[in-house]
Amino acid sequence: MKVYINGKFYEKKQAKISVFDHGLLYGDGIFEGIRSYNRLVFKLKEHIERLFESAQSIVLTIPLNKQQMIEAVIKTLKINKIDNGYVRLIVTRGEGDLGLNPYKCEGNASVIIITDKIALYPDKLYKSGLKLITVPTIRNHPEALNPQVKSLNYLNNILAKIEAINAGFQEAIMLDALGYIAECSGDNIFLVKDNQLYTPPQCMGTLRGITRDIVLEIVRDLKIPAHEHVLTRHELYIADEVFLTGTAAELVPVVSVDGRTIGKGKPGKMLSMLRQEFRKRTRIEGIRY
Ligand SMILES: *Cc1c(COP(=O)(O)O)cnc(C)c1O
């Protein structure tokens, strides 16, 4: 497996960057997780668009333009002969000194592209469903570090994950600073109630996930009512179905929240229908290589 770093390809063992890179020293950088299905990079333009928005927000100059970035992702997939895979696209602030000042890293931003073949979640998870627990760590306040920035500084999410695992659960529900449902440690959350779909709005602690957008697009096309609405834990507890969305996980059923069984305690009908529609789109949308 070859790794792209700043225009060159390196074997896995040789793929290294400086210990003075602020991506390492401060989590100062951004990333995207992207999937390819049968030589089609799913929603690549949308991922590149979001990457550039993250960069703009943290005053990071990406050394490639959007088209060059798309080409770099495709080249990395081709060189590694990956037809179905996962792409991790990273842009770090680059090498600087030990101080915080990002302007001292100017011109050193690193673009790193790692690809892999693995399906990231085991099949049985989609059959049995996840059990979630609400954790004490809240999602970053949008005026501290806005969750719309897909930042390398992921400690907020990692703390939530630790709290869930230590409590014996697979995944965490994070609340926002107002106490409403934000999202999970790396996935967005949806609920179904009376054949309508609900998901938290992006304004407080929720990243506007690309998979989330696809689900909203699907239900709009099918004329199923969908709402981006503030949600409390209570609404999750009394939902007919709950599921998570993310590029790596796709759409994953949730069968229990804070010890309350959701619906019939197994993956629901709406989710099964949405997953079929999602599959269809992975076959036709994106950039072919
Ligand atoms: C990436 C990410 C998601 C999911 O977004 P997708 O674009 O669907 O992959 C959700 N929450 C967080 C915190 C994320 O980093």
# chains A, B, ... in the order shown; residues from 1 in each chain; ligands from 1

call {"tool": "residues_around", "arguments": {"residues": "Thr115 in chain A", "least_positions_apart": "2", "cutoff": "9 Å", "atoms": "only C-alpha atoms", "output": "list in words"}}
result
Met1, Lys2, Val3, Val73, Thr76, Leu77, Asn80, Ile82, Gly85, Tyr86, Val87, Arg88, Leu89, Ile113 and Lys117 of chain A

call {"tool": "write_last_selection", "arguments": {"atoms": "all heavy atoms", "output": "short mmCIF file (atom, residue, chain, number, x, y, z; two decimals), in the first residue's frame"}}
result
data_model
loop_
_atom_site.label_atom_id
_atom_site.label_comp_id
_atom_site.auth_asym_id
_atom_site.auth_seq_id
_atom_site.Cartn_x
_atom_site.Cartn_y
_atom_site.Cartn_z
N MET A 1 0.84 -1.20 0.00
CA MET A 1 0.00 0.00 0.00
C MET A 1 0.87 1.25 0.00
O MET A 1 1.74 1.41 0.85
CB MET A 1 -0.90 -0.04 1.25
CG MET A 1 -2.16 0.78 1.12
SD MET A 1 -3.32 0.18 -0.12
CE MET A 1 -4.00 -1.27 0.71
N LYS A 2 0.67 2.12 -0.98
CA LYS A 2 1.49 3.34 -1.06
C LYS A 2 0.70 4.55 -0.53
O LYS A 2 -0.50 4.67 -0.76
CB LYS A 2 1.91 3.59 -2.50
CG LYS A 2 2.95 2.59 -2.99
CD LYS A 2 3.58 3.06 -4.28
CE LYS A 2 4.75 2.19 -4.71
NZ LYS A 2 4.34 0.80 -5.03
N VAL A 3 1.43 5.41 0.17
CA VAL A 3 0.82 6.60 0.78
C VAL A 3 1.29 7.85 0.04
O VAL A 3 2.50 8.00 -0.23
CB VAL A 3 1.21 6.67 2.28
CG1 VAL A 3 0.64 7.93 2.92
CG2 VAL A 3 0.76 5.42 3.02
N VAL A 73 -6.43 12.25 -5.11
CA VAL A 73 -7.17 11.14 -4.47
C VAL A 73 -7.31 9.98 -5.46
O VAL A 73 -7.05 8.82 -5.12
CB VAL A 73 -8.58 11.62 -4.01
CG1 VAL A 73 -9.47 10.44 -3.64
CG2 VAL A 73 -8.45 12.58 -2.82
N THR A 76 -4.05 8.11 -6.09
CA THR A 76 -3.69 7.24 -4.96
C THR A 76 -4.50 5.94 -5.00
O THR A 76 -3.96 4.86 -4.74
CB THR A 76 -3.89 7.98 -3.62
OG1 THR A 76 -3.27 9.25 -3.69
CG2 THR A 76 -3.30 7.20 -2.46
N LEU A 77 -5.76 6.05 -5.34
CA LEU A 77 -6.60 4.85 -5.44
C LEU A 77 -6.11 3.96 -6.58
O LEU A 77 -6.02 2.73 -6.45
CB LEU A 77 -8.06 5.24 -5.68
CG LEU A 77 -8.83 5.71 -4.45
CD1 LEU A 77 -10.09 6.45 -4.86
CD2 LEU A 77 -9.17 4.52 -3.54
N ASN A 80 -2.78 2.15 -5.89
CA ASN A 80 -2.96 1.05 -4.93
C ASN A 80 -3.96 0.00 -5.44
O ASN A 80 -4.27 -0.94 -4.72
CB ASN A 80 -3.40 1.61 -3.58
CG ASN A 80 -2.26 2.33 -2.88
OD1 ASN A 80 -1.22 1.74 -2.64
ND2 ASN A 80 -2.44 3.61 -2.59
N ILE A 82 -7.15 -0.03 -5.89
CA ILE A 82 -8.29 -0.21 -5.00
C ILE A 82 -9.58 0.11 -5.75
O ILE A 82 -9.75 1.21 -6.26
CB ILE A 82 -8.14 0.67 -3.74
CG1 ILE A 82 -7.02 0.09 -2.89
CG2 ILE A 82 -9.45 0.71 -2.95
CD1 ILE A 82 -6.71 0.88 -1.67
N GLY A 85 -12.87 0.98 -1.57
CA GLY A 85 -11.97 1.30 -0.47
C GLY A 85 -12.36 2.53 0.32
O GLY A 85 -13.39 3.16 0.08
N TYR A 86 -11.49 2.78 1.28
CA TYR A 86 -11.66 3.93 2.16
C TYR A 86 -10.46 4.84 1.94
O TYR A 86 -9.33 4.37 1.84
CB TYR A 86 -11.72 3.45 3.61
CG TYR A 86 -11.93 4.55 4.62
CD1 TYR A 86 -13.19 5.09 4.83
CD2 TYR A 86 -10.85 5.06 5.35
CE1 TYR A 86 -13.39 6.11 5.74
CE2 TYR A 86 -11.05 6.08 6.27
CZ TYR A 86 -12.31 6.59 6.47
OH TYR A 86 -12.51 7.61 7.38
N VAL A 87 -10.70 6.14 1.85
CA VAL A 87 -9.63 7.11 1.66
C VAL A 87 -9.60 8.06 2.85
O VAL A 87 -10.64 8.61 3.23
CB VAL A 87 -9.87 7.96 0.38
CG1 VAL A 87 -8.76 8.99 0.21
CG2 VAL A 87 -10.01 7.08 -0.84
N ARG A 88 -8.43 8.22 3.45
CA ARG A 88 -8.27 9.22 4.49
C ARG A 88 -7.41 10.34 3.92
O ARG A 88 -6.25 10.11 3.57
CB ARG A 88 -7.60 8.57 5.72
CG ARG A 88 -7.35 9.52 6.88
CD ARG A 88 -8.59 10.19 7.41
NE ARG A 88 -9.58 9.27 7.95
CZ ARG A 88 -9.60 8.83 9.22
NH1 ARG A 88 -8.69 9.25 10.06
NH2 ARG A 88 -10.54 8.01 9.62
N LEU A 89 -8.03 11.50 3.80
CA LEU A 89 -7.37 12.67 3.23
C LEU A 89 -7.08 13.64 4.37
O LEU A 89 -7.99 14.03 5.12
CB LEU A 89 -8.32 13.29 2.19
CG LEU A 89 -7.95 14.60 1.51
CD1 LEU A 89 -6.57 14.55 0.91
CD2 LEU A 89 -8.97 14.89 0.42
N ILE A 113 -2.52 11.33 1.75
CA ILE A 113 -3.66 10.50 1.34
C ILE A 113 -3.35 9.04 1.60
O ILE A 113 -2.39 8.48 1.06
CB ILE A 113 -4.01 10.71 -0.15
CG1 ILE A 113 -4.19 12.22 -0.45
CG2 ILE A 113 -5.28 9.94 -0.51
CD1 ILE A 113 -4.34 12.53 -1.93
N LYS A 117 -8.35 -1.07 2.02
CA LYS A 117 -9.41 -1.89 1.44
C LYS A 117 -10.50 -2.24 2.44
O LYS A 117 -11.62 -2.54 2.04
CB LYS A 117 -8.81 -3.19 0.90
CG LYS A 117 -8.25 -3.03 -0.50
CD LYS A 117 -7.65 -4.33 -0.99
CE LYS A 117 -6.87 -4.08 -2.26
NZ LYS A 117 -5.84 -5.09 -2.49
#

call {"tool": "closest_atom_pairs", "arguments": {"of": "range 72-117 of chain A", "to": "range 10-21 of chain A", "cutoff": "6 Å", "atoms": "only C-alpha atoms", "output": "tab-separated table"}}
result
residue	atom	partner	partner_atom	distance
A:Gly94	CA	A:Asp21	CA	4.6
A:Glu95	CA	A:Asp21	CA	4.0
A:Gly96	CA	A:Phe20	CA	5.9

call {"tool": "atom_distance", "arguments": {"atom1": "CA of Ala55 in chain A", "atom2": "atom 5 (O, counted along the ligand's line) of ligand 1"}}
result
16.4 Å

call {"tool": "select_by_dssp", "arguments": {"residues": "range 76-199 of chain A", "states": "strand (DSSP E or B)", "output": "MDAnalysis selection string"}}
result
chainID A and resid 85:92 95 110:116 130:134 151 171:175 181:184 188:193 196:199

call {"tool": "closest_residue", "arguments": {"among": "A:Lys131, A:Arg93, A:Arg208, A:Lys8", "to": "ligand 1", "atoms": "only C-alpha atoms and all ligand atoms"}}
result
A:Arg208

call {"tool": "residues_near_ligand", "arguments": {"ligand": "ligand 1", "cutoff": "6 Å", "atoms": "only C-alpha atoms and all ligand atoms", "output": "PDB file with N, CA, C and O atoms, in the first residue's frame"}}
result
ATOM      1  N   LYS A 150     -13.888  19.742  10.202  1.00  0.00           N
ATOM      2  CA  LYS A 150     -13.508  18.338  10.423  1.00  0.00           C
ATOM      3  C   LYS A 150     -12.021  18.346  10.767  1.00  0.00           C
ATOM      4  O   LYS A 150     -11.144  18.168   9.920  1.00  0.00           O
ATOM      5  N   SER A 185     -19.785   9.844  18.394  1.00  0.00           N
ATOM      6  CA  SER A 185     -18.376  10.275  18.406  1.00  0.00           C
ATOM      7  C   SER A 185     -17.847  10.548  17.001  1.00  0.00           C
ATOM      8  O   SER A 185     -16.979  11.391  16.820  1.00  0.00           O
ATOM      9  N   GLY A 186     -18.381   9.858  15.992  1.00  0.00           N
ATOM     10  CA  GLY A 186     -17.932  10.131  14.629  1.00  0.00           C
ATOM     11  C   GLY A 186     -19.031   9.926  13.602  1.00  0.00           C
ATOM     12  O   GLY A 186     -18.760   9.777  12.413  1.00  0.00           O
ATOM     13  N   ASP A 187     -20.255   9.905  14.055  1.00  0.00           N
ATOM     14  CA  ASP A 187     -21.400   9.673  13.167  1.00  0.00           C
ATOM     15  C   ASP A 187     -22.567  10.583  13.540  1.00  0.00           C
ATOM     16  O   ASP A 187     -22.711  10.958  14.699  1.00  0.00           O
ATOM     17  N   ASN A 188     -23.402  10.883  12.567  1.00  0.00           N
ATOM     18  CA  ASN A 188     -24.633  11.649  12.827  1.00  0.00           C
ATOM     19  C   ASN A 188     -25.739  10.706  13.271  1.00  0.00           C
ATOM     20  O   ASN A 188     -25.668   9.494  13.061  1.00  0.00           O
ATOM     21  N   LEU A 207     -21.925  18.009  13.177  1.00  0.00           N
ATOM     22  CA  LEU A 207     -21.276  18.162  11.877  1.00  0.00           C
ATOM     23  C   LEU A 207     -22.289  17.858  10.788  1.00  0.00           C
ATOM     24  O   LEU A 207     -23.058  16.907  10.902  1.00  0.00           O
ATOM     25  N   GLY A 209     -22.849  16.053   8.153  1.00  0.00           N
ATOM     26  CA  GLY A 209     -22.270  14.883   7.493  1.00  0.00           C
ATOM     27  C   GLY A 209     -22.777  14.749   6.071  1.00  0.00           C
ATOM     28  O   GLY A 209     -23.917  15.111   5.768  1.00  0.00           O
ATOM     29  N   ILE A 210     -21.920  14.220   5.223  1.00  0.00           N
ATOM     30  CA  ILE A 210     -22.307  14.029   3.820  1.00  0.00           C
ATOM     31  C   ILE A 210     -23.291  12.862   3.716  1.00  0.00           C
ATOM     32  O   ILE A 210     -24.248  12.913   2.945  1.00  0.00           O
ATOM     33  N   THR A 211     -23.107  11.847   4.537  1.00  0.00           N
ATOM     34  CA  THR A 211     -24.066  10.732   4.569  1.00  0.00           C
ATOM     35  C   THR A 211     -25.417  11.219   5.107  1.00  0.00           C
ATOM     36  O   THR A 211     -26.475  10.816   4.622  1.00  0.00           O
ATOM     37  N   ARG A 212     -25.365  12.097   6.090  1.00  0.00           N
ATOM     38  CA  ARG A 212     -26.581  12.722   6.633  1.00  0.00           C
ATOM     39  C   ARG A 212     -27.332  13.448   5.508  1.00  0.00           C
ATOM     40  O   ARG A 212     -28.546  13.297   5.363  1.00  0.00           O
ATOM     41  N   THR A 245     -25.366   7.639  10.860  1.00  0.00           N
ATOM     42  CA  THR A 245     -24.845   7.738   9.494  1.00  0.00           C
ATOM     43  C   THR A 245     -23.423   8.279   9.502  1.00  0.00           C
ATOM     44  O   THR A 245     -23.077   9.140  10.310  1.00  0.00           O
ATOM     45  N   GLY A 246     -22.611   7.768   8.594  1.00  0.00           N
ATOM     46  CA  GLY A 246     -21.247   8.260   8.415  1.00  0.00           C
ATOM     47  C   GLY A 246     -20.635   7.560   7.214  1.00  0.00           C
ATOM     48  O   GLY A 246     -21.109   6.487   6.826  1.00  0.00           O
ATOM     49  N   THR A 247     -19.614   8.160   6.641  1.00  0.00           N
ATOM     50  CA  THR A 247     -19.018   7.599   5.432  1.00  0.00           C
ATOM     51  C   THR A 247     -18.517   6.171   5.656  1.00  0.00           C
ATOM     52  O   THR A 247     -18.766   5.290   4.844  1.00  0.00           O
TER      53      THR A 247
END

call {"tool": "closest_residue", "arguments": {"among": "A:Lys124, A:Leu44, A:Gly23, A:Gln67", "to": "Val111 in chain A", "atoms": "only C-alpha atoms"}}
result
A:Gly23

call {"tool": "atom_distance", "arguments": {"atom1": "CA of Ala72 in chain A", "atom2": "CA of Leu145 in chain A"}}
result
28.4 Å

call {"tool": "residues_around", "arguments": {"residues": "range 59-65 of chain A", "least_positions_apart": "2", "cutoff": "9 Å", "atoms": "only C-alpha atoms", "output": "list in words"}}
result
Asn6, Gly29, Phe52, Ser54, Ala55, Gln56, Ser57, Gln67, Gln68, Met69, Ile70, Val91, Thr92, Arg93, Pro102, Glu106, Gly107, Asn108, Ala109, Ser110 and Val111 of chain A

call {"tool": "write_last_selection", "arguments": {"atoms": "C-alpha atoms", "output": "PDB file, in the first residue's frame"}}
result
ATOM      1  CA  ASN A   6       2.922  16.112  -0.955  1.00  0.00           C
ATOM      2  CA  GLY A  29      -5.094  20.300  10.613  1.00  0.00           C
ATOM      3  CA  PHE A  52     -11.778  23.508   1.666  1.00  0.00           C
ATOM      4  CA  SER A  54     -12.672  23.505   6.988  1.00  0.00           C
ATOM      5  CA  ALA A  55      -9.403  25.021   5.689  1.00  0.00           C
ATOM      6  CA  GLN A  56     -10.994  28.425   5.135  1.00  0.00           C
ATOM      7  CA  SER A  57     -12.406  28.402   8.661  1.00  0.00           C
ATOM      8  CA  GLN A  67      -9.290  19.834  -9.050  1.00  0.00           C
ATOM      9  CA  GLN A  68      -5.707  18.881  -8.156  1.00  0.00           C
ATOM     10  CA  MET A  69      -6.956  17.440  -4.871  1.00  0.00           C
ATOM     11  CA  ILE A  70      -9.529  15.310  -6.709  1.00  0.00           C
ATOM     12  CA  VAL A  91      -4.041  18.349   5.461  1.00  0.00           C
ATOM     13  CA  THR A  92      -1.796  19.388   8.340  1.00  0.00           C
ATOM     14  CA  ARG A  93      -0.606  22.892   9.214  1.00  0.00           C
ATOM     15  CA  PRO A 102       0.594  28.753  12.677  1.00  0.00           C
ATOM     16  CA  GLU A 106       3.508  28.988   6.335  1.00  0.00           C
ATOM     17  CA  GLY A 107       4.063  27.121   3.090  1.00  0.00           C
ATOM     18  CA  ASN A 108       4.709  23.825   4.864  1.00  0.00           C
ATOM     19  CA  ALA A 109       1.172  22.363   4.917  1.00  0.00           C
ATOM     20  CA  SER A 110       1.268  18.634   4.201  1.00  0.00           C
ATOM     21  CA  VAL A 111      -1.278  16.798   2.092  1.00  0.00           C
TER      22      VAL A 111
END

call {"tool": "closest_residue", "arguments": {"among": "A:Asn140, A:Ile262, A:Ile214, A:Leu244", "to": "Thr282 in chain A", "atoms": "only C-alpha atoms"}}
result
A:Ile214

call {"tool": "residues_around", "arguments": {"residues": "Lys66 in chain A", "least_positions_apart": "5", "cutoff": "9 Å", "atoms": "only C-alpha atoms", "output": "VMD selection string"}}
result
chain A and resid 45 48 to 49 52 71

call {"tool": "atom_distance", "arguments": {"atom1": "CA of Asp213 in chain A", "atom2": "CA of Tyr180 in chain A"}}
result
20.1 Å
